[in-house]
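S.K.: So that you have it, the file is protein.cif, and it contains mmCIF, C-alpha atoms and all ligand atoms:
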```
data_entry
#
loop_
_atom_site.group_PDB
_atom_site.id
_atom_site.type_symbol
_atom_site.label_atom_id
_atom_site.label_comp_id
_atom_site.auth_asym_id
_atom_site.auth_seq_id
_atom_site.Cartn_x
_atom_site.Cartn_y
_atom_site.Cartn_z
ATOM 1 C CA MET A 1 -190.286 131.553 52.176
ATOM 2 C CA ILE A 2 -191.956 129.126 54.515
ATOM 3 C CA LYS A 3 -195.522 129.534 53.364
ATOM 4 C CA ASP A 4 -197.193 126.566 51.687
ATOM 5 C CA SER A 5 -200.453 126.887 49.867
ATOM 6 C CA ILE A 6 -203.064 124.321 50.798
ATOM 7 C CA GLY A 7 -203.449 123.019 47.276
ATOM 8 C CA LYS A 8 -202.928 119.486 46.094
ATOM 9 C CA THR A 9 -199.964 119.114 48.380
ATOM 10 C CA GLY A 10 -202.030 120.279 51.310
ATOM 11 C CA HIS A 11 -204.698 117.667 50.672
ATOM 12 C CA ALA A 12 -202.126 114.927 50.308
ATOM 13 C CA ARG A 13 -200.588 116.087 53.558
ATOM 14 C CA LEU A 14 -203.977 116.110 55.274
ATOM 15 C CA SER A 15 -204.654 112.534 54.126
ATOM 16 C CA ALA A 16 -201.313 111.435 55.481
ATOM 17 C CA LEU A 17 -201.997 113.195 58.771
ATOM 18 C CA VAL A 18 -205.441 111.669 59.116
ATOM 19 C CA THR A 19 -203.919 108.245 58.524
ATOM 20 C CA THR A 20 -201.428 108.908 61.285
ATOM 21 C CA VAL A 21 -204.126 110.097 63.660
ATOM 22 C CA VAL A 22 -206.389 107.099 62.943
ATOM 23 C CA THR A 23 -203.503 104.740 63.639
ATOM 24 C CA GLY A 24 -203.110 106.608 66.905
ATOM 25 C CA VAL A 25 -206.729 105.881 67.817
ATOM 26 C CA ALA A 26 -206.266 102.151 67.305
ATOM 27 C CA LEU A 27 -203.348 102.260 69.723
ATOM 28 C CA ALA A 28 -205.142 104.461 72.196
ATOM 29 C CA VAL A 29 -208.187 102.195 72.617
ATOM 30 C CA SER A 30 -206.047 99.688 74.443
ATOM 31 C CA ALA A 31 -204.113 102.447 76.230
ATOM 32 C CA SER A 32 -206.181 104.575 78.635
ATOM 33 C CA PRO A 33 -209.339 106.734 78.567
ATOM 34 C CA ALA A 34 -207.193 109.829 79.055
ATOM 35 C CA VAL A 35 -205.105 108.988 76.038
ATOM 36 C CA ALA A 36 -208.269 108.152 74.052
ATOM 37 C CA GLN A 37 -209.644 111.577 74.961
ATOM 38 C CA ARG A 38 -206.385 113.135 73.840
ATOM 39 C CA ILE A 39 -206.609 111.289 70.536
ATOM 40 C CA GLY A 40 -210.201 112.470 70.219
ATOM 41 C CA ASP A 41 -208.902 116.009 70.562
ATOM 42 C CA LEU A 42 -206.331 115.198 67.935
ATOM 43 C CA LEU A 43 -209.003 114.030 65.509
ATOM 44 C CA GLY A 44 -210.982 117.173 66.175
ATOM 45 C CA SER A 45 -207.904 119.183 65.392
ATOM 46 C CA ALA A 46 -207.074 117.404 62.140
ATOM 47 C CA LYS A 47 -208.139 120.407 60.090
ATOM 48 C CA LYS A 48 -206.019 122.706 62.211
ATOM 49 C CA VAL A 49 -203.096 120.319 61.893
ATOM 50 C CA ALA A 50 -203.387 120.712 58.137
ATOM 51 C CA GLN A 51 -203.403 124.463 58.586
ATOM 52 C CA ALA A 52 -200.115 124.215 60.451
ATOM 53 C CA ALA A 53 -198.558 123.410 57.097
ATOM 54 C CA SER A 54 -199.101 127.061 56.235
ATOM 55 C CA VAL A 55 -197.525 128.403 59.415
ATOM 56 C CA THR A 56 -196.167 131.838 58.652
ATOM 57 C CA ASP A 57 -192.599 133.086 58.803
ATOM 58 C CA GLU A 58 -193.651 135.337 61.672
ATOM 59 C CA GLN A 59 -194.999 132.406 63.689
ATOM 60 C CA MET A 60 -191.912 130.334 62.952
ATOM 61 C CA VAL A 61 -189.630 133.147 64.137
ATOM 62 C CA SER A 62 -191.728 133.586 67.278
ATOM 63 C CA TYR A 63 -191.521 129.877 68.175
ATOM 64 C CA PHE A 64 -187.795 129.817 67.541
ATOM 65 C CA SER A 65 -187.211 132.873 69.719
ATOM 66 C CA GLN A 66 -189.316 131.339 72.504
ATOM 67 C CA MET A 67 -187.170 128.199 72.258
ATOM 68 C CA SER A 68 -183.971 130.289 72.369
ATOM 69 C CA ASP A 69 -185.213 132.209 75.414
ATOM 70 C CA GLU A 70 -186.070 128.955 77.161
ATOM 71 C CA MET A 71 -182.633 127.450 76.475
ATOM 72 C CA ASP A 72 -180.976 130.666 77.717
ATOM 73 C CA ARG A 73 -183.104 130.481 80.865
ATOM 74 C CA GLN A 74 -182.054 126.902 81.515
ATOM 75 C CA ASN A 75 -178.320 127.410 80.967
ATOM 76 C CA ARG A 76 -175.852 129.871 82.469
ATOM 77 C CA ILE A 77 -174.667 132.313 79.834
ATOM 78 C CA ALA A 78 -171.050 133.452 80.059
ATOM 79 C CA PRO A 79 -171.084 137.182 80.845
ATOM 80 C CA PRO A 80 -169.146 139.372 78.347
ATOM 81 C CA THR A 81 -165.963 139.535 80.447
ATOM 82 C CA ASN A 82 -165.867 135.797 81.140
ATOM 83 C CA PRO A 83 -162.917 134.075 79.375
ATOM 84 C CA TYR A 84 -165.260 131.751 77.430
ATOM 85 C CA ALA A 85 -167.274 134.732 76.166
ATOM 86 C CA VAL A 86 -164.089 136.637 75.295
ATOM 87 C CA ARG A 87 -162.739 133.669 73.327
ATOM 88 C CA LEU A 88 -166.035 133.050 71.530
ATOM 89 C CA THR A 89 -166.308 136.724 70.610
ATOM 90 C CA LYS A 90 -162.829 136.517 69.107
ATOM 91 C CA LEU A 91 -163.670 133.326 67.181
ATOM 92 C CA THR A 92 -166.916 134.760 65.801
ATOM 93 C CA ALA A 93 -165.545 138.181 64.815
ATOM 94 C CA GLY A 94 -167.407 139.347 61.723
ATOM 95 C CA LEU A 95 -169.917 136.490 61.958
ATOM 96 C CA PRO A 96 -172.975 138.133 63.550
ATOM 97 C CA SER A 97 -173.911 138.835 59.936
ATOM 98 C CA TYR A 98 -172.847 135.983 57.667
ATOM 99 C CA ASP A 99 -174.207 134.433 54.467
ATOM 100 C CA GLY A 100 -177.345 136.556 54.664
ATOM 101 C CA LEU A 101 -178.064 135.491 58.248
ATOM 102 C CA ASP A 102 -178.279 137.453 61.490
ATOM 103 C CA LEU A 103 -176.520 135.307 64.039
ATOM 104 C CA ASP A 104 -176.296 135.571 67.813
ATOM 105 C CA PHE A 105 -173.425 133.752 69.520
ATOM 106 C CA LYS A 106 -173.118 133.039 73.226
ATOM 107 C CA ALA A 107 -171.182 130.577 75.365
ATOM 108 C CA TYR A 108 -172.892 128.507 78.051
ATOM 109 C CA LEU A 109 -170.958 127.878 81.257
ATOM 110 C CA VAL A 110 -171.918 124.221 81.048
ATOM 111 C CA SER A 111 -169.426 121.347 81.071
ATOM 112 C CA ASP A 112 -171.167 119.291 78.375
ATOM 113 C CA VAL A 113 -169.329 118.943 75.054
ATOM 114 C CA ASN A 114 -172.096 120.440 72.987
ATOM 115 C CA ALA A 115 -173.269 123.210 70.689
ATOM 116 C CA PHE A 116 -176.522 123.933 68.934
ATOM 117 C CA ALA A 117 -178.244 126.362 66.629
ATOM 118 C CA ILE A 118 -181.855 127.474 66.474
ATOM 119 C CA GLY A 119 -183.558 128.581 63.289
ATOM 120 C CA ASP A 120 -183.684 132.225 64.373
ATOM 121 C CA GLY A 121 -179.884 132.419 64.179
ATOM 122 C CA THR A 122 -179.157 131.611 67.820
ATOM 123 C CA VAL A 123 -175.890 129.691 68.174
ATOM 124 C CA ARG A 124 -174.733 128.455 71.576
ATOM 125 C CA VAL A 125 -171.396 126.811 72.325
ATOM 126 C CA TYR A 126 -170.820 125.025 75.618
ATOM 127 C CA ALA A 127 -167.734 125.615 77.778
ATOM 128 C CA GLY A 128 -167.116 121.846 77.832
ATOM 129 C CA LEU A 129 -166.657 121.867 74.071
ATOM 130 C CA MET A 130 -164.436 124.960 74.174
ATOM 131 C CA ASP A 131 -162.225 123.261 76.778
ATOM 132 C CA LYS A 132 -161.613 120.291 74.505
ATOM 133 C CA PHE A 133 -161.368 121.965 71.098
ATOM 134 C CA THR A 134 -158.735 124.206 69.524
ATOM 135 C CA ASP A 135 -159.789 127.547 68.025
ATOM 136 C CA ASP A 136 -160.090 126.099 64.514
ATOM 137 C CA GLU A 137 -162.018 123.075 65.823
ATOM 138 C CA VAL A 138 -164.493 125.397 67.569
ATOM 139 C CA ARG A 139 -164.710 127.388 64.318
ATOM 140 C CA CYS A 140 -165.610 124.206 62.458
ATOM 141 C CA VAL A 141 -168.401 123.473 64.941
ATOM 142 C CA ILE A 142 -169.617 127.053 64.509
ATOM 143 C CA GLY A 143 -169.572 126.590 60.718
ATOM 144 C CA HIS A 144 -171.571 123.374 61.107
ATOM 145 C CA GLU A 145 -174.162 125.138 63.293
ATOM 146 C CA ILE A 146 -174.437 128.053 60.849
ATOM 147 C CA GLY A 147 -175.057 125.391 58.190
ATOM 148 C CA HIS A 148 -178.085 124.119 60.134
ATOM 149 C CA VAL A 149 -179.491 127.671 60.229
ATOM 150 C CA LYS A 150 -178.713 128.496 56.591
ATOM 151 C CA LEU A 151 -180.091 125.199 55.283
ATOM 152 C CA GLN A 152 -183.236 125.638 57.450
ATOM 153 C CA HIS A 153 -183.014 122.213 59.073
ATOM 154 C CA GLY A 154 -184.706 123.505 62.230
ATOM 155 C CA GLN A 155 -187.531 125.030 60.224
ATOM 156 C CA LYS A 156 -188.215 121.700 58.570
ATOM 157 C CA ARG A 157 -188.261 119.956 61.947
ATOM 158 C CA LEU A 158 -190.461 122.638 63.501
ATOM 159 C CA ARG A 159 -192.932 122.352 60.644
ATOM 160 C CA ARG A 160 -193.067 118.592 61.173
ATOM 161 C CA ALA A 161 -193.504 119.084 64.926
ATOM 162 C CA LEU A 162 -196.438 121.427 64.292
ATOM 163 C CA GLN A 163 -197.993 118.876 61.965
ATOM 164 C CA GLN A 164 -197.579 116.067 64.465
ATOM 165 C CA ASP A 165 -198.748 117.821 67.613
ATOM 166 C CA ALA A 166 -202.349 118.995 67.685
ATOM 167 C CA ALA A 167 -201.872 121.430 70.585
ATOM 168 C CA LEU A 168 -198.937 123.084 68.872
ATOM 169 C CA SER A 169 -200.765 123.138 65.575
ATOM 170 C CA VAL A 170 -203.534 125.161 67.214
ATOM 171 C CA ALA A 171 -200.815 127.600 68.187
ATOM 172 C CA GLY A 172 -199.601 127.574 64.616
ATOM 173 C CA SER A 173 -203.006 128.002 63.029
ATOM 174 C CA ALA A 174 -203.824 131.386 64.528
ATOM 175 C CA SER A 175 -204.727 133.654 61.662
ATOM 176 C CA SER A 176 -202.133 136.244 62.564
ATOM 177 C CA GLY A 177 -199.161 136.325 64.859
ATOM 178 C CA ALA A 178 -198.146 133.538 67.183
ATOM 179 C CA ARG A 179 -199.206 132.804 70.706
ATOM 180 C CA ARG A 180 -196.961 132.243 73.679
ATOM 181 C CA ILE A 181 -196.262 128.529 73.964
ATOM 182 C CA THR A 182 -196.670 127.083 77.466
ATOM 183 C CA SER A 183 -193.500 125.897 79.153
ATOM 184 C CA SER A 184 -194.475 122.225 78.952
ATOM 185 C CA GLU A 185 -195.219 122.554 75.243
ATOM 186 C CA LEU A 186 -191.938 124.386 74.834
ATOM 187 C CA GLY A 187 -190.038 121.529 76.502
ATOM 188 C CA GLY A 188 -191.531 119.058 74.039
ATOM 189 C CA LEU A 189 -190.834 121.343 71.122
ATOM 190 C CA ILE A 190 -187.203 121.827 72.099
ATOM 191 C CA GLN A 191 -186.831 118.079 72.524
ATOM 192 C CA ASN A 192 -188.373 117.490 69.107
ATOM 193 C CA VAL A 193 -186.706 120.252 67.129
ATOM 194 C CA LEU A 194 -183.393 120.652 68.910
ATOM 195 C CA SER A 195 -182.481 117.501 70.779
ATOM 196 C CA ALA A 196 -183.959 114.816 68.561
ATOM 197 C CA GLN A 197 -181.578 113.068 66.243
ATOM 198 C CA HIS A 198 -181.021 115.107 63.131
ATOM 199 C CA SER A 199 -181.290 113.257 59.858
ATOM 200 C CA GLN A 200 -178.112 111.898 58.350
ATOM 201 C CA ALA A 201 -178.745 114.047 55.265
ATOM 202 C CA ALA A 202 -179.001 117.244 57.344
ATOM 203 C CA GLU A 203 -175.796 116.444 59.256
ATOM 204 C CA THR A 204 -173.891 115.648 56.086
ATOM 205 C CA ALA A 205 -175.078 118.889 54.481
ATOM 206 C CA SER A 206 -174.009 120.862 57.570
ATOM 207 C CA ASP A 207 -170.616 119.139 57.615
ATOM 208 C CA ASP A 208 -170.123 120.144 53.977
ATOM 209 C CA TYR A 209 -171.225 123.673 54.843
ATOM 210 C CA ALA A 210 -168.632 123.716 57.649
ATOM 211 C CA LEU A 211 -165.831 122.630 55.287
ATOM 212 C CA ASN A 212 -166.806 125.368 52.820
ATOM 213 C CA PHE A 213 -167.041 127.861 55.694
ATOM 214 C CA MET A 214 -163.500 127.001 56.814
ATOM 215 C CA ALA A 215 -162.163 127.378 53.253
ATOM 216 C CA ALA A 216 -164.031 130.651 52.700
ATOM 217 C CA LYS A 217 -162.660 132.131 55.927
ATOM 218 C CA GLY A 218 -159.129 130.837 55.332
ATOM 219 C CA TYR A 219 -159.182 128.493 58.336
ATOM 220 C CA ALA A 220 -157.655 125.019 58.332
ATOM 221 C CA GLN A 221 -160.225 122.529 57.023
ATOM 222 C CA GLN A 222 -158.434 119.623 58.682
ATOM 223 C CA ALA A 223 -159.644 121.003 62.016
ATOM 224 C CA CYS A 224 -163.067 119.557 61.109
ATOM 225 C CA PRO A 225 -162.098 115.873 60.936
ATOM 226 C CA ALA A 226 -159.685 116.492 63.840
ATOM 227 C CA ALA A 227 -162.633 117.693 65.954
ATOM 228 C CA MET A 228 -164.527 114.539 64.967
ATOM 229 C CA ASP A 229 -161.566 112.374 66.003
ATOM 230 C CA LYS A 230 -161.644 114.058 69.411
ATOM 231 C CA LEU A 231 -165.366 113.448 69.733
ATOM 232 C CA ALA A 232 -164.885 109.801 68.785
ATOM 233 C CA ALA A 233 -162.181 109.453 71.435
ATOM 234 C CA LEU A 234 -164.475 111.018 74.051
ATOM 235 C CA GLY A 235 -167.332 108.711 73.072
ATOM 236 C CA GLY A 236 -166.784 106.060 75.715
ATOM 237 C CA GLY A 237 -167.302 108.466 78.602
ATOM 238 C CA GLY A 238 -170.979 109.142 77.852
ATOM 239 C CA GLY A 239 -172.796 112.364 78.579
ATOM 240 C CA ILE A 240 -171.508 114.020 75.418
ATOM 241 C CA GLY A 241 -174.370 116.095 74.060
ATOM 242 C CA LEU A 242 -173.013 116.252 70.534
ATOM 243 C CA LEU A 243 -172.803 112.467 70.367
ATOM 244 C CA LYS A 244 -176.425 112.070 71.435
ATOM 245 C CA THR A 245 -177.725 114.269 68.633
ATOM 246 C CA HIS A 246 -175.221 113.613 65.852
ATOM 247 C CA PRO A 247 -174.082 110.627 63.774
ATOM 248 C CA ASP A 248 -170.945 108.601 64.491
ATOM 249 C CA PRO A 249 -168.010 111.062 64.530
ATOM 250 C CA ALA A 250 -165.539 108.501 63.131
ATOM 251 C CA GLN A 251 -167.710 108.147 60.024
ATOM 252 C CA ARG A 252 -168.078 111.914 59.753
ATOM 253 C CA ALA A 253 -164.288 112.353 59.993
ATOM 254 C CA LYS A 254 -163.742 109.737 57.283
ATOM 255 C CA ARG A 255 -166.273 111.358 54.950
ATOM 256 C CA MET A 256 -164.814 114.834 55.537
ATOM 257 C CA ARG A 257 -161.267 113.629 54.769
ATOM 258 C CA ALA A 258 -162.429 111.961 51.565
ATOM 259 C CA ARG A 259 -164.233 115.139 50.550
ATOM 260 C CA MET A 260 -161.211 117.315 51.296
ATOM 261 C CA LYS A 261 -159.080 115.163 48.968
ATOM 262 C CA SER A 262 -161.499 115.423 46.055
HETATM 263 ZN ZN ZN A 301 -175.521 119.049 63.392
#
```
When written as structure tokens, how does the structure in this file appear?
Ligand SMILES: [Zn+2]
M.R.:
Amino acid sequence: MIKDSIGKTGHARLSALVTTVVTGVALAVSASPAVAQRIGDLLGSAKKVAQAASVTDEQMVSYFSQMSDEMDRQNRIAPPTNPYAVRLTKLTAGLPSYDGLDLDFKAYLVSDVNAFAIGDGTVRVYAGLMDKFTDDEVRCVIGHEIGHVKLQHGQKRLRRALQQDAALSVAGSASSGARRITSSELGGLIQNVLSAQHSQAAETASDDYALNFMAAKGYAQQACPAAMDKLAALGGGGGIGLLKTHPDPAQRAKRMRARMKS
């Protein structure tokens, strides 16, 4: 469950938020009147920001699905008969329902070496990644992305984003349901929740989930560190989406190999 009660924790959270907002004011005074006005709005919304801590499951799902729709609008989805879609369908056979999750897999006809998951179970794999990776390596990436969904990493980030952004918190504080987020807000939210660097702890947990996923499905675990080696080798070229959002692949490969031995 995502619900938090506004008890002691809520008050502590509110204090922390107010501290953050007040610090913002000090910075804004020397910034610009427009920014000061914005910070004034933030202060006025402090209560609502606190309420965002109790954002409902329904609201969370709505924001995630709006983010998924936006990403699908911005990227070309491989139609069902496209070779990338055919291959991904084969690799994800039996996975649309896995580990208690409803998952939705699609390939993007985009040359970036990238993949991502959204908290509503949306998993997208880019053609650029599929070109470089073997079937088992793609499966490992898929396992890693399922790990992010299962371990609710996106939900934790979204909650933080709602706490940190007054405008979004107003969206989150509606008493029932969730409102449509404007496209500019959505861009910021996607940047914050999806593109921002994940924590080392979240990535490590998802890597471990991927290794367990490979073992559970009877796939070769060594494909995971092998995929990391490939990413590391690609690193110099730049423009690799996965490298922008994830920790050093050489370190990840090393940790995975050590874990596989134990
Ligand atoms: Zn990750």
S.K.: Distance limit 7 Å, reference ligand ZN 301 (chain A), atoms considered: all atoms listed in the file. Which residues make the cut? Give them as a ChimeraX atom specification.
M.R.: /A:144-145,148,198,203,206,246
S.K.: So what do you get for atom CA of Asp57 of chain A versus atom CA of Gln152 of chain A, distance-wise?
M.R.: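 A separation of 12.0 Å between them.
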S.K.: If you count all atoms listed in the file, which residues fall within 10 Å of Thr245 of chain A, apart from same-chain ones fewer than 2 positions away, as a PDB file with C-alpha atoms, in the coordinates of the input?
M.R.:
```pdb
ATOM      1  CA  ASN A 114    -172.096 120.440  72.987  1.00  0.00           C
ATOM      2  CA  PHE A 116    -176.522 123.933  68.934  1.00  0.00           C
ATOM      3  CA  LEU A 194    -183.393 120.652  68.910  1.00  0.00           C
ATOM      4  CA  SER A 195    -182.481 117.501  70.779  1.00  0.00           C
ATOM      5  CA  ALA A 196    -183.959 114.816  68.561  1.00  0.00           C
ATOM      6  CA  GLN A 197    -181.578 113.068  66.243  1.00  0.00           C
ATOM      7  CA  HIS A 198    -181.021 115.107  63.131  1.00  0.00           C
ATOM      8  CA  SER A 199    -181.290 113.257  59.858  1.00  0.00           C
ATOM      9  CA  GLU A 203    -175.796 116.444  59.256  1.00  0.00           C
ATOM     10  CA  ILE A 240    -171.508 114.020  75.418  1.00  0.00           C
ATOM     11  CA  GLY A 241    -174.370 116.095  74.060  1.00  0.00           C
ATOM     12  CA  LEU A 242    -173.013 116.252  70.534  1.00  0.00           C
ATOM     13  CA  LEU A 243    -172.803 112.467  70.367  1.00  0.00           C
ATOM     14  CA  PRO A 247    -174.082 110.627  63.774  1.00  0.00           C
ATOM     15  CA  ASP A 248    -170.945 108.601  64.491  1.00  0.00           C
TER      16      ASP A 248
END
```
S.K.: Could you check which of A:Ser111, A:Asp207, A:Lys217, A:Ala233 is closest to Gly94 of chain A, using only C-alpha atoms?
M.R.: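 Among the listed residues, the smallest separation from Gly94 of chain A belongs to A:Lys217.
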S.K.: What does the structure give for the distance between atom CA of Asp229 of chain A and atom CA of Ala93 of chain A, in Å to one decimal?
M.R.: 26.1 Å
S.K.: Restricting the calculation to only C-alpha atoms: of A:Tyr209, A:Ala220, A:Lys261, A:Leu158, which residue gets closest to Tyr63 of chain A?
M.R.: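 Once distances to Tyr63 of chain A are computed over only C-alpha atoms, the minimum belongs to A:Leu158.
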S.K.: What is the distance, in Å and to one decimal place, between atom CA of Phe64 of chain A and atom CA of Ile118 of chain A?
M.R.: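 Between atom CA of Phe64 of chain A and atom CA of Ile118 of chain A the gap works out to 6.5 Å.
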S.K.: Of the residues A:Ala107, A:Leu211, A:Val61, A:Leu189, which is the one nearest to Val125 of chain A, using all atoms listed in the file?
M.R.: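 Answer, going by the shortest atom-to-atom distance: A:Ala107.
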S.K.: Which one is closest to Ala216 of chain A: A:Leu231, A:Ile181, A:Ala161, A:Cys140? Count all atoms listed in the file.
M.R.: A:Cys140
S.K.: Evaluate the PyMOL selection byres (((chain A and resi 250-260) around 6) and not hetatm) on the structure here and hand back the selected residues as a ChimeraX atom specification.
M.R.: /A:225,228,232,248-249,261-262
S.K.: Quick check on the file I pasted: which residues fall under the PyMOL selection byres (((chain A and resi 151) around 12) and not hetatm)? Write them as JSON, numbers by chain.
M.R.: {"A": [99, 100, 101, 117, 118, 119, 121, 143, 144, 145, 146, 147, 148, 149, 150, 152, 153, 154, 155, 156, 157, 201, 202, 203, 204, 205, 206, 207, 208, 209, 210]}
S.K.: Measuring between only C-alpha atoms, which one of A:Thr122, A:Gln164, A:Gly128, A:Leu91 shows the shortest distance to Glu70 of chain A?
M.R.: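 The answer is A:Thr122, which sits nearest to Glu70 of chain A.
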S.K.: Rank nothing, just name the residue among A:Gln200, A:Thr92, A:Ser183, A:Gln221 nearest to Met71 of chain A, using all atoms listed in the file.
M.R.: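 Going through A:Gln200, A:Thr92, A:Ser183, A:Gln221 one by one, the smallest distance to Met71 of chain A is for A:Ser183.
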